[in-house]
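S.K.: One structure, pasted below without further comment.
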Protein chains: 2
Amino acid sequence: MNTCAMTDGQIRVVIANVQPEIEHGRFPVKRTVGEKVVVEADVFTDGHDALAAVLLYRHEKERHWRETPLLALVNDEWRGEFIVSELGRYVYTVHAWVDHFTSWRRALAKKVEAGQDVAVDLLVGAQLLGEASTRAAGQDAENLQEWARALQSPQESSLAQRIQLALAEEVASVAVSYPDRRRAATYDKELIVIVDREKARFSAWYEMFPRSCAPEPGRHGTFKDCEARLSYITAMGFDVLYFPPIHPIGRTYRKGKNNALSAGLRDPGSPWAIGAQEGGHRAIHPQLGSLADFKQLIIKAREQGLEIALDLAFQCTPDHPYVKEHPEWFRHRPDGSIQYAENPPKKYQDIYPFDFDTDHWQALWEELKGVVLFWIDQGVRIFRVDNPHTKPFRFWEWLINAVTKEHADVIFLAEAFTRPKVMSRLAQLGFSQSYTYFAWRNTKQEIMQYFTELTQTEVREYFRPNLWPNTPDILTEYLQLGGRPVFITRLVLAATLGASYGVYGPAFELCENRPLQVGGEEYLDSEKYEIRSWNLGKSESLRDVIARVNRIRRENPALQSDWSLRFHTIDNDQLLCYSKSTEDCANVILVVVNLDPHHAHSGWMDLSLETLGLDPRQPYQVHDLLSEARYLWSGAHNYIELNPQAAPAHVFRIRRRTRTERDFDYYM
Amino acid sequence: MNTCAMTDGQIRVVIANVQPEIEHGRFPVKRTVGEKVVVEADVFTDGHDALAAVLLYRHEKERHWRETPLLALVNDEWRGEFIVSELGRYVYTVHAWVDHFTSWRRALAKKVEAGQDVAVDLLVGAQLLGEASTRAAGQDAENLQEWARALQSPQESSLAQRIQLALAEEVASVAVSYPDRRRAATYDKELIVIVDREKARFSAWYEMFPRSCAPEPGRHGTFKDCEARLSYITAMGFDVLYFPPIHPIGRTYRKGKNNALSAGLRDPGSPWAIGAQEGGHRAIHPQLGSLADFKQLIIKAREQGLEIALDLAFQCTPDHPYVKEHPEWFRHRPDGSIQYAENPPKKYQDIYPFDFDTDHWQALWEELKGVVLFWIDQGVRIFRVDNPHTKPFRFWEWLINAVTKEHADVIFLAEAFTRPKVMSRLAQLGFSQSYTYFAWRNTKQEIMQYFTELTQTEVREYFRPNLWPNTPDILTEYLQLGGRPVFITRLVLAATLGASYGVYGPAFELCENRPLQVGGEEYLDSEKYEIRSWNLGKSESLRDVIARVNRIRRENPALQSDWSLRFHTIDNDQLLCYSKSTEDCANVILVVVNLDPHHAHSGWMDLSLETLGLDPRQPYQVHDLLSEARYLWSGAHNYIELNPQAAPAHVFRIRRRTRTERDFDYYM
C-alpha cells in the first residue's frame with residue numbers, strides 16, 4: 001500500500017476498476033486476430049472539473065502507445081475499444097486528465113446564460129488557448145494564438161463577438177486536442193491481450209486413432225492409410241484432425257484388450273503408454289510409419305484444409321529411454337523401485353509420472369519444451385495436452401509462454417476434466433482452448449446455467465470452451481441409452497453452443513454406444529487397447545448430418561464465436577432454445593433442440609426479439625438450415641414441435657423482410 | 001505479468017482470490033478493536049496431494065507472523081479468522097504447502113482397506129517421519145524418530161502393528177505439525193486491516209451550534225454556555241457532540257439572515273466562512289471564548305461520556321490570514337483578483353477555495369496537517385470533514401494516514417454527499433465513517449436496496465455509514481411534511497439501521513420543519529446565518545424518545561454493528577421489517593416501522609426464523625423496548641399494526657423460552 005508518500009500530489013484523477021482485468025492483471029485476456037477489446041474503467045476526480053480519458057494500447061513489438069478516446073457513460077464509468085490485428089500480445093491501459101478548457105467553457109456558457117459579467121473569464125480563456133498553442137504546431141498553433149489574442153482584445157471586437165468565439169465548437173475542438181497532460185493519471189497496471197489465430201476461437205475437431213485406419217481389418221494402420229482417410233474427414237467438414245500419441249508404446253505392464261492387466265502377444269497397447277526401446281516423445285511408433293511419412297501427412301492434410309493436432313502426454317512407460325537416461329526425473333521408492341502412477345487403490349504400473357518435485361526440474365522443463373519445439377519443427381501447430389492438471393501450473397505457464405513467444409500461431413487445448421477452479425486456472429495461465437463439462441450437462445437447466453457462465457461472465461475473457469460429446473474415455477450414459485437421435489442432439493448442441501467442438505470418430509458418427517460396463521463410461525472394445533476396424537459405410541452413419549452441420553457453421557458467422565449466446569424462454573423442460581448472432585445482427589441463428597431422445601415434444605417460445613434484431617411489428621422468416629424448411633413467423637410467441645425420430649433439432653437462420661418487395665427473395 | 005521466468009518451479013500450490021481484499025490490496029479493510037477478520041482464499045495444487053494452509057497475520061509493530069489454520073470448505077475454498085486486539089494496522093496474507101505426510105497416510109489407508117501390499121509404503125512413511133523429526137525438537141523429535149524406526153523394523157513388530165502405528169491419529173497430529181515448508185507458496189500480496197476504536201463503528205452524534213447555547217435569547221453563546229448544556233445532551237444518550245467550525249468568521253461578503261447577500265451589522269455570519277483578522281483555522285472565534293475555555297469544555301464533556309468533534313472545513317474567507325501570508329495557495333485570475341468559489345451561475349464570493357493545483361502543494365498539505373495536529377494537541381480526537389470530495393483524493397489519503405499513524409485513535413467522518421464512486425473512494429482511502437444517502441431513502445424499496453448494499457456487499461469492509469435524518473443543510477421534504485411521527489420514524493430508522501447515526505439539534509428533537517422555500521431543503525431562519533434561541537422544554541420535544549432509543553442501543557449489542565442487518569418480508573409496502581443480531585443470537589432485535597406518517601397500516605410478516613435464531617417449534621416473546629409491551633408469538637407469520645399517531649415503530653427484543661420452566665422469567 002502506497003499510503004503516506006507525498007508524491008505526485010497534483011495528480012487529481014482516479015482511474016479504477018479497469019475491465020477486462022483477470023486476477024488483478026496477473027493473467028491476460030484472449031482474442032483472435034481481428035476481434036475487438038472493449039475496455040471500461042471508472043474515471044473521476046474531486047470537485048466539478050471536466051475530464052478527458054483515453055485508452056492506450058500497443059502490440060508488444062511496438063514502442064509507442066496508440067490512443068483511442070474513452071467516452072463517459074453513466075456513474076463515472078467510461079468505455080472505449082480497440083481492434084487487435086496481429087498475432088501475439090497487446091498491452092493496454094487507461095490514461096486520463098483534467099480538461100481545463102472544457103471546464104472553463106462549460107462554466108462560461110452558464111454564466112453567459114445567467115447574464116453575468118464574463119470579462120475576466122474571457123481573459124482566463126485566452127490564457128488557456130495561449131497555453132494550448134504552445135503544445136500545438138502548424139496551423140492549429142497559429143489558430144490558437146489568434147483566438148487567444150482575439151479573446152483579450154476588447155478594442156477589436158465586441159463582447160458578444162468574443163463570447164461567440166469563446167464558445168465556438170471549432171475553438172473547443174482544436175483546444176482540447178492539445179491538453180496539458182503533465183498531471184495526467186495513468187492506471188497503475190498494464191494489461192495484456194493474447195491474440196491467437198482464428199482457429200483458437202472457431203474450430204471443428206475430429207479425433208482418430210491412426211492405427212485403426214487400415215482398410216483391411218486387423219492390420220495396423222499407417223500414416224499412409226490416414227492420407228487415404230483425409231477426404232472422408234474433410235467431407236464431413238472438420239478442420240482439425242487430432243491423433244492420440246503417435247510414439248513407441250511400452251511393453252512392460254502393457255494393458256490388453258478392454259484394459260486387461262496383461263496384454264496378449266499381439267495386443268498393441270495404449271498409445272498413452274509412451275516410450276519403448278524405439279524411442280520416446282520425439283520418436284514415431286514404427287508401425288505407423290516414418291517421420292517423413294508423418295510430415296507428408298501434415299502437408300497432404302493442410303492441402304485439404306485440415307490441420308493435424310498432436311497429443312502431449314507427459315508421462316513414460318518403464319521402457320522409456322528417459323528412465324535410464326534421466327532417473328533423476330522420477331521418484332524413487334525406498335526399495336529402489338521407481339514410483340508408478342497410482343490413485344489408490346488403483347495402480348498404473350505401466351506408467352511412470354515425471355517427478356516435478358525433483359531438484360532437476362529445470363532440465364526436465366527444458367526437455368519437455370524441447371519435445372514441443374521438435375514437433376513444431378515438423379509442422380505441428382496444435383497440441384492437445386493430456387491431463388495438464390496433474391503437472392504443476394507454473395510449468396504450463398512457463399512452457400506455453402516460452403513456446404508462443406516464438407510461435408504465436410501455436411494452439412494448446414487443455415484436457416483437464418477436474419475441479420472448476422483448477423480448470424479455470426489452466427485457462428488463465430495460457431491454454432488456448434479447454435475441454436468442458438459439456439458431456440455431462442444434459443438437462444435444460446444444466447445447459448443454460450453452464451453456458452451462461454461460460455459465455456456471459458468474466459470467464460469468457462480467458463476460457464475458450466471446446467465441446468466434446470464423446471472422447472475415447474467418455475461414453476456418457478445419455479449416449480449409451482438414447483440411440484441415434486441423441487447423437488444428433490449432442491452433435492447439434494456441441495456444434496452450435498460451442499464455436500469450437502470435437503468428436504471422437506468414427507465411434508461418434510457410427511453411433512457406437514456399447515459400454516464396457518453398465519454404469520461406467522468406458523467403451524466396450526475400446527480403441528485405447530486394440531485396433532478397431534470401422535464400417536464407415538454403415539447406413540445409420542451421421543456423416544451427412546455432420547457435413548451439413550459443419551457447413552452451417554462455416555456459412556454463418558454467428559456460430560463462429562460464443563459471446564452472443566442467449567437462451568430464450570420456451571414452456572417445455574425438454575425443449576431448449578437459444579440464439580447466436582453477429583454484432584450487427586446481419587446473421588442470426590436460432591436453435592431449438594428436443595433433449596428427450598424418446599418422445600416428441602412441443603411448446604411455445606417467448607423469444608427476445610431485441611436479441612434477434614427483429615422488429616416486433618414485422619413478420620420474419622425462419623429457415624431451418626438442417627431441413628431447408630421455411631416458416632413465416634411474427635412476434636415473440638411461436639409454436640414448435642420436434643419429433644426426435646424425424647429431427648431432434650432445428651437450426652434456423654432468421655431472415656428479416658428486405659426493404660423492397662420488388663426483390664425476388666423478400667427475406668434476407 | 002511474470003510469465004516466462006523459470007523461477008520457483010517447485011512451488012506447486014496456487015493461492016488466489018483472497019478475501020477481503022479491496023481494489024487488489026490497494027486499500028485496507030476496517031475493523032474496531034476486538035472484532036474479527038474472516039479470511040477466505042482459493043487454495044489448490046496440481047494432482048491429488050493433500051494441502052495445508054495457514055493465515056499469517058501480525059500487528060504492524062510486530063516483527064514476526066502469527067499463524068492460524070485455514071480450513072477447507074468446498075470447491076477449493078479455504079477459510080480462517082483472527083481477532084484484532086490493538087489499535088493501528090494489521091497485515092495478513094495466506095501461506096500453503098503440499099502436505100506430503102497426509103497425502104501418504106490417505107493413500108496408505110486406501111491400500112490397506114483394499115488389502116494391498118504396503119511394505120514399501122511403510123518405508124516411505126518412515127522416511128517422512130524421519131524428515132519431520134529433523135524439523136522438530138524435544139519430545140516430539142524423539143517420538144518421530146522412534147515411530148520412524150518402528151515403521152521400518154519388521155523384526156520388532158508385526159505388519160499389522162506397524163500399519164496401526166502408521167495410521168495412528170497421534171502420529172499424524174505430531175507429523176503434520178512439522179511440515180516441510182521449503183516449497184510453500186505465499187500469496188503475492190500482504191493485505192492491511194485498519195483497526196479503530198469502537199466509536200468508529202458505534203456512535204451517536206449530536207450536532208449543535210455553540211453560539212446558540214446562551215440561555216438568554218439573542219446573546220452569542222459561549223463554550224461556558226455549552227458546558228451548561230452538556231447534561232441535556234448526555235441525558236438523551238449521545239456520545240459525540242459535533243460543533244460546526246469554531247474559528248473567527250470573515251467579514252468580507254459575509255452572508256446575512258437566510259443567506260442574504262449582504263449581512264446586517266449584527267449578523268454573525270456562517271461559521272464555515274473561516275478566517276478573519278483574529279485568526280484562521282487554529283484560532284477560536286472570540287465570542288465563543290478562549291482556547292482554555294474550549295479545552296475545559298472538552299474535559300467536562302469527557303467526564304460525562306461525551307466527545308467533542310470538530311469540523312475541518314478547508315477553505316478561507318478573503319479575510320483569512322493565509323490570503324496575505326500565502327497568496328500562492330490560491331488561484332489568481334488574470335485581473336489580479338483571487339478566484340472565489342463558484343458553481344456557475346452561483347457565486348460564493350465570501351469563500352476562497354485552496355488551489356490544490358498550486359506548485360506549492362507540499363507546503364499547503366503540511367500546513368493543513370498542522371491544523372489537524374494542533375486540534376489533536378488540544379484534545380480533539382474526532383473530526384467531521386466538510387466537503388472532502390472537493391479536495392484531491394491523494395491529499396486525504398496522505399493526511400489521514402499521516403495523522404493516524406501517530407494517533408491511531410483519531411476518527412474522520414467524511415461529509416461527502418456526491419456520486420457513489422466518489423463517496424466509496426473517500427471511504428477506501430481512509431475516512432473512518434461516511435455520511436450516506438439515508439436522508440433521501442424514504443420508501444421501503446429504497447431503504448432495503450441501499451442498506452443491503454451497504455451491509456451485505458464488499459462495501460462494508462471499508463465504508464462505515466453514519467446516518468443523519470437532518471443536518472443544517474438538509475431538511476428533507478419528508479421531514480417537512482410528516483410532522484412529529486415522521487421525526488420518530490426517521491430517528492428509529494437512523495438509530496437501528498445504523499450503528500452510527502446523528503441528528504442536528506435542537507432542530508431535530510424540537511421537530512423544526514419550516515423550510516426556507518417550498519421545494520428546497522434549507523431551513524427557514526437557518527442557524528448557519530443567525531443565532532437561534534431554542535425552547536428546549538417544548539412539550540412535543542422528542543428528548544425522551546431519543547433517550548430511550550439511545551439506551552436501547554447501548555443495552556443491545558445487536559444494534560452496535562451493521563453487518564447482521566437482514567430485511568424480513570411483510571405484505572404491506574408501507575411497513576418495513578428488519579433484524580439485527582449478535583453472532584451467537586444471544587441478542588436479537590426486530591424492528592418494524594410504519595413509513596407512512598399519516599395512516600395506520602397493518603400487515604403479516606414472514607420472518608426468517610433461522611436469521612433470528614428461533615426454533616420453529618417453540619413460541620417466543622417479542623418485547624417492545626419502546627413501549628415495554630410484550631407479545632407471545634410463534635412461527636414466521638405474525639400480524640402487526642402500527643398507528644403513527646400512537647407509535648410509528650416497534651423495536652422488539654426477541655426473547656426465547658429458557659430451558660427450564662422453574663425460572664421466574666421464562667424468556668431470556
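Each chain of the C-alpha cells is named A, B, ... in the order shown, its residues numbered from 1; ligands are numbered from 1 in display order.
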Please report as a short mmCIF file (atom, residue, chain, number, x, y, z; two decimals) with C-alpha atoms, in the first residue's frame which residues of chain B come no farther than 7 Å from chain A, using only C-alpha atoms.
M.R.:
data_model
loop_
_atom_site.label_atom_id
_atom_site.label_comp_id
_atom_site.auth_asym_id
_atom_site.auth_seq_id
_atom_site.Cartn_x
_atom_site.Cartn_y
_atom_site.Cartn_z
CA MET B 1 2.89 -10.25 -15.79
CA THR B 3 5.29 -15.06 -17.44
CA CYS B 4 8.38 -16.62 -18.88
CA ALA B 5 10.62 -16.72 -15.85
CA MET B 6 11.71 -20.18 -14.81
CA GLY B 9 9.41 -24.20 -10.24
CA GLN B 10 8.92 -26.36 -7.21
CA ARG B 12 3.16 -26.14 -6.80
CA HIS B 24 -6.28 -5.59 -5.34
CA ARG B 26 -4.53 -1.08 -2.72
CA PHE B 27 -6.78 -0.15 0.23
CA ASP B 46 -1.99 -29.98 -9.34
CA GLY B 47 -2.76 -33.67 -8.92
CA ALA B 107 -3.17 -43.39 0.22
CA LYS B 110 -6.97 -46.93 0.96
CA LYS B 111 -4.37 -49.54 0.11
CA ALA B 114 -8.02 -52.89 -0.43
CA VAL B 120 7.30 -50.29 0.72
CA LEU B 123 9.29 -47.45 4.40
CA VAL B 124 8.16 -44.26 2.66
CA ARG B 333 -7.23 35.49 -12.09
CA PRO B 334 -5.76 37.48 -14.98
CA ASP B 335 -7.09 40.71 -13.41
CA PRO B 344 -21.94 28.63 -12.15
CA PRO B 345 -24.12 30.57 -12.17
CA ASP B 357 -3.15 22.53 -8.27
CA HIS B 389 -14.89 15.47 -2.37
CA THR B 390 -13.85 18.96 -3.48
CA LYS B 391 -10.22 18.37 -2.45
CA PRO B 392 -7.84 15.84 -4.05
CA PHE B 393 -8.14 12.18 -3.07
CA ARG B 394 -4.39 11.90 -2.70
CA PHE B 395 -4.38 14.71 -0.18
CA GLU B 397 -5.12 9.62 1.78
CA TRP B 398 -1.85 11.21 2.78
CA ASN B 401 -2.55 8.11 7.06
CA ALA B 402 -0.03 10.60 8.39
#
S.K.: So that I can check the surroundings of Arg302 of chain A, please list as JSON, numbers by chain every protein, DNA and RNA residue that reaches within 12 Å of it, counting only C-alpha atoms and ignoring chain neighbours fewer than 2 positions away.
M.R.: {"A": [227, 230, 231, 234, 238, 239, 240, 241, 295, 296, 297, 298, 299, 300, 304, 305, 306, 307, 308, 309, 379, 380, 381]}
S.K.: Output as a list in words all residues of segment 455-600 of chain A that backbone DSSP marks as strand (DSSP E).
M.R.: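 Selecting the strand (DSSP E) positions of segment 455-600 of chain A gives Pro465, Asn466, Leu467, Ser500, Tyr501, Gly502, Val503, Tyr504, Arg566, Phe567, Thr569, Ile570, Leu575, Leu576, Cys577, Tyr578, Ser579, Lys580, Ser581, Val588, Ile589, Leu590, Val591, Val592, Val593 and Asn594 of chain A.
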S.K.: Emit the selected residues as a PDB file, in the first residue's frame, including N, CA and C atoms.
M.R.:
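Ended up saving to part.pdb:
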ATOM      1  N   PRO A 465     -14.149 -22.561 -24.501  1.00  0.00           N
ATOM      2  CA  PRO A 465     -14.633 -23.937 -24.380  1.00  0.00           C
ATOM      3  C   PRO A 465     -14.506 -24.696 -25.700  1.00  0.00           C
ATOM      4  N   ASN A 466     -14.158 -25.947 -25.600  1.00  0.00           N
ATOM      5  CA  ASN A 466     -14.181 -26.861 -26.744  1.00  0.00           C
ATOM      6  C   ASN A 466     -15.070 -28.028 -26.309  1.00  0.00           C
ATOM      7  N   LEU A 467     -16.167 -28.226 -27.028  1.00  0.00           N
ATOM      8  CA  LEU A 467     -17.236 -29.123 -26.557  1.00  0.00           C
ATOM      9  C   LEU A 467     -17.142 -30.491 -27.241  1.00  0.00           C
ATOM     10  N   SER A 500     -16.061 -23.861 -30.878  1.00  0.00           N
ATOM     11  CA  SER A 500     -15.139 -24.977 -31.040  1.00  0.00           C
ATOM     12  C   SER A 500     -15.768 -26.228 -30.456  1.00  0.00           C
ATOM     13  N   TYR A 501     -15.691 -27.306 -31.205  1.00  0.00           N
ATOM     14  CA  TYR A 501     -16.224 -28.567 -30.698  1.00  0.00           C
ATOM     15  C   TYR A 501     -15.453 -29.691 -31.364  1.00  0.00           C
ATOM     16  N   GLY A 502     -15.648 -30.901 -30.869  1.00  0.00           N
ATOM     17  CA  GLY A 502     -14.969 -32.033 -31.464  1.00  0.00           C
ATOM     18  C   GLY A 502     -15.698 -33.326 -31.180  1.00  0.00           C
ATOM     19  N   VAL A 503     -15.431 -34.320 -32.010  1.00  0.00           N
ATOM     20  CA  VAL A 503     -15.974 -35.652 -31.747  1.00  0.00           C
ATOM     21  C   VAL A 503     -14.838 -36.668 -31.869  1.00  0.00           C
ATOM     22  N   TYR A 504     -15.009 -37.762 -31.165  1.00  0.00           N
ATOM     23  CA  TYR A 504     -14.094 -38.886 -31.309  1.00  0.00           C
ATOM     24  C   TYR A 504     -14.756 -39.859 -32.284  1.00  0.00           C
ATOM     25  N   ARG A 566     -27.498 -16.509 -26.304  1.00  0.00           N
ATOM     26  CA  ARG A 566     -28.586 -16.123 -25.394  1.00  0.00           C
ATOM     27  C   ARG A 566     -29.642 -17.208 -25.414  1.00  0.00           C
ATOM     28  N   PHE A 567     -30.135 -17.559 -24.230  1.00  0.00           N
ATOM     29  CA  PHE A 567     -31.210 -18.544 -24.154  1.00  0.00           C
ATOM     30  C   PHE A 567     -32.561 -17.833 -24.184  1.00  0.00           C
ATOM     31  N   THR A 569     -36.891 -18.215 -23.699  1.00  0.00           N
ATOM     32  CA  THR A 569     -37.875 -18.963 -22.916  1.00  0.00           C
ATOM     33  C   THR A 569     -38.697 -19.867 -23.827  1.00  0.00           C
ATOM     34  N   ILE A 570     -38.910 -21.092 -23.379  1.00  0.00           N
ATOM     35  CA  ILE A 570     -39.812 -21.993 -24.081  1.00  0.00           C
ATOM     36  C   ILE A 570     -40.471 -22.860 -23.012  1.00  0.00           C
ATOM     37  N   LEU A 575     -37.431 -28.948 -24.141  1.00  0.00           N
ATOM     38  CA  LEU A 575     -37.038 -28.163 -25.309  1.00  0.00           C
ATOM     39  C   LEU A 575     -36.106 -27.036 -24.873  1.00  0.00           C
ATOM     40  N   LEU A 576     -35.011 -26.911 -25.605  1.00  0.00           N
ATOM     41  CA  LEU A 576     -34.019 -25.878 -25.308  1.00  0.00           C
ATOM     42  C   LEU A 576     -33.973 -24.948 -26.513  1.00  0.00           C
ATOM     43  N   CYS A 577     -33.959 -23.652 -26.245  1.00  0.00           N
ATOM     44  CA  CYS A 577     -33.992 -22.673 -27.338  1.00  0.00           C
ATOM     45  C   CYS A 577     -32.953 -21.596 -27.080  1.00  0.00           C
ATOM     46  N   TYR A 578     -32.097 -21.350 -28.075  1.00  0.00           N
ATOM     47  CA  TYR A 578     -31.070 -20.309 -27.888  1.00  0.00           C
ATOM     48  C   TYR A 578     -30.692 -19.717 -29.233  1.00  0.00           C
ATOM     49  N   SER A 579     -30.048 -18.557 -29.170  1.00  0.00           N
ATOM     50  CA  SER A 579     -29.639 -17.901 -30.408  1.00  0.00           C
ATOM     51  C   SER A 579     -28.200 -17.445 -30.305  1.00  0.00           C
ATOM     52  N   LYS A 580     -27.595 -17.266 -31.472  1.00  0.00           N
ATOM     53  CA  LYS A 580     -26.308 -16.604 -31.591  1.00  0.00           C
ATOM     54  C   LYS A 580     -26.419 -15.628 -32.750  1.00  0.00           C
ATOM     55  N   SER A 581     -25.687 -14.525 -32.662  1.00  0.00           N
ATOM     56  CA  SER A 581     -25.800 -13.539 -33.726  1.00  0.00           C
ATOM     57  C   SER A 581     -24.503 -12.772 -33.875  1.00  0.00           C
ATOM     58  N   VAL A 588     -28.188 -14.163 -37.876  1.00  0.00           N
ATOM     59  CA  VAL A 588     -28.778 -14.597 -36.605  1.00  0.00           C
ATOM     60  C   VAL A 588     -29.232 -16.040 -36.735  1.00  0.00           C
ATOM     61  N   ILE A 589     -28.770 -16.855 -35.806  1.00  0.00           N
ATOM     62  CA  ILE A 589     -29.138 -18.275 -35.809  1.00  0.00           C
ATOM     63  C   ILE A 589     -29.940 -18.571 -34.546  1.00  0.00           C
ATOM     64  N   LEU A 590     -31.066 -19.243 -34.728  1.00  0.00           N
ATOM     65  CA  LEU A 590     -31.915 -19.645 -33.612  1.00  0.00           C
ATOM     66  C   LEU A 590     -31.980 -21.166 -33.600  1.00  0.00           C
ATOM     67  N   VAL A 591     -31.594 -21.776 -32.482  1.00  0.00           N
ATOM     68  CA  VAL A 591     -31.565 -23.236 -32.404  1.00  0.00           C
ATOM     69  C   VAL A 591     -32.641 -23.705 -31.424  1.00  0.00           C
ATOM     70  N   VAL A 592     -33.370 -24.724 -31.804  1.00  0.00           N
ATOM     71  CA  VAL A 592     -34.308 -25.357 -30.882  1.00  0.00           C
ATOM     72  C   VAL A 592     -33.996 -26.848 -30.876  1.00  0.00           C
ATOM     73  N   VAL A 593     -33.811 -27.409 -29.670  1.00  0.00           N
ATOM     74  CA  VAL A 593     -33.406 -28.814 -29.559  1.00  0.00           C
ATOM     75  C   VAL A 593     -34.377 -29.550 -28.633  1.00  0.00           C
ATOM     76  N   ASN A 594     -34.751 -30.732 -29.042  1.00  0.00           N
ATOM     77  CA  ASN A 594     -35.519 -31.625 -28.178  1.00  0.00           C
ATOM     78  C   ASN A 594     -34.525 -32.506 -27.409  1.00  0.00           C
TER      79      ASN A 594
END
S.K.: Just want the 7 Å neighbourhood of Phe209 of chain B, counted on only C-alpha atoms, with same-chain residues fewer than 3 positions away dropped. Output as a short mmCIF file (atom, residue, chain, number, x, y, z; two decimals) with N, CA, C and O atoms, in the first residue's frame.
M.R.:
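What ended up in around.cif:
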data_model
loop_
_atom_site.label_atom_id
_atom_site.label_comp_id
_atom_site.auth_asym_id
_atom_site.auth_seq_id
_atom_site.Cartn_x
_atom_site.Cartn_y
_atom_site.Cartn_z
N SER B 212 -25.55 29.22 19.72
CA SER B 212 -26.99 29.27 20.04
C SER B 212 -27.28 28.71 21.44
O SER B 212 -28.42 28.37 21.74
N PHE B 243 -19.43 20.18 16.74
CA PHE B 243 -19.59 21.62 16.53
C PHE B 243 -19.25 21.99 15.09
O PHE B 243 -18.19 21.61 14.58
N PRO B 244 -20.07 22.79 14.43
CA PRO B 244 -19.61 23.47 13.21
C PRO B 244 -18.35 24.27 13.54
O PRO B 244 -18.03 24.46 14.72
#
S.K.: List the neighbours of Ala276 of chain A out to 6 Å using only C-alpha atoms; skip same-chain residues closer than 4 positions along the sequence, and give me the result as a count of residues only.
M.R.: 5
S.K.: Name the residues of segment 379-620 of chain B that come out as helix (DSSP H, G or I) in a backbone DSSP run; write them as a ChimeraX atom specification.
M.R.: /B:388-390,393-406,420-429,438-440,444-456,458-461,477-497,543-555,557-560
S.K.: Residues near segment 493-499 of chain A, anyone? I mean within 10 Å using only C-alpha atoms, not counting same-chain ones fewer than 3 positions away, as number ranges by chain.
M.R.: A: 199-204, 438-439, 442, 447, 451, 455, 464-469, 487-490, 502-503, 546, 549-550, 552-553, 557-563, 565-566, 576, 578-580, 589-593, 595, 649, 651
S.K.: Grab the atom CA of Met605 of chain A to atom CA of Arg460 of chain A distance for me, in Å with one decimal place.
M.R.: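 Computing the Euclidean distance for atom CA of Met605 of chain A and atom CA of Arg460 of chain A yields 27.3 Å.
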S.K.: So the first atom is atom CA of Tyr92 of chain B and the second is atom CA of Ala175 of chain B; what is the distance between them in Å, to one decimal place?
M.R.: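 Calculated distance between atom CA of Tyr92 of chain B and atom CA of Ala175 of chain B is 26.1 Å.
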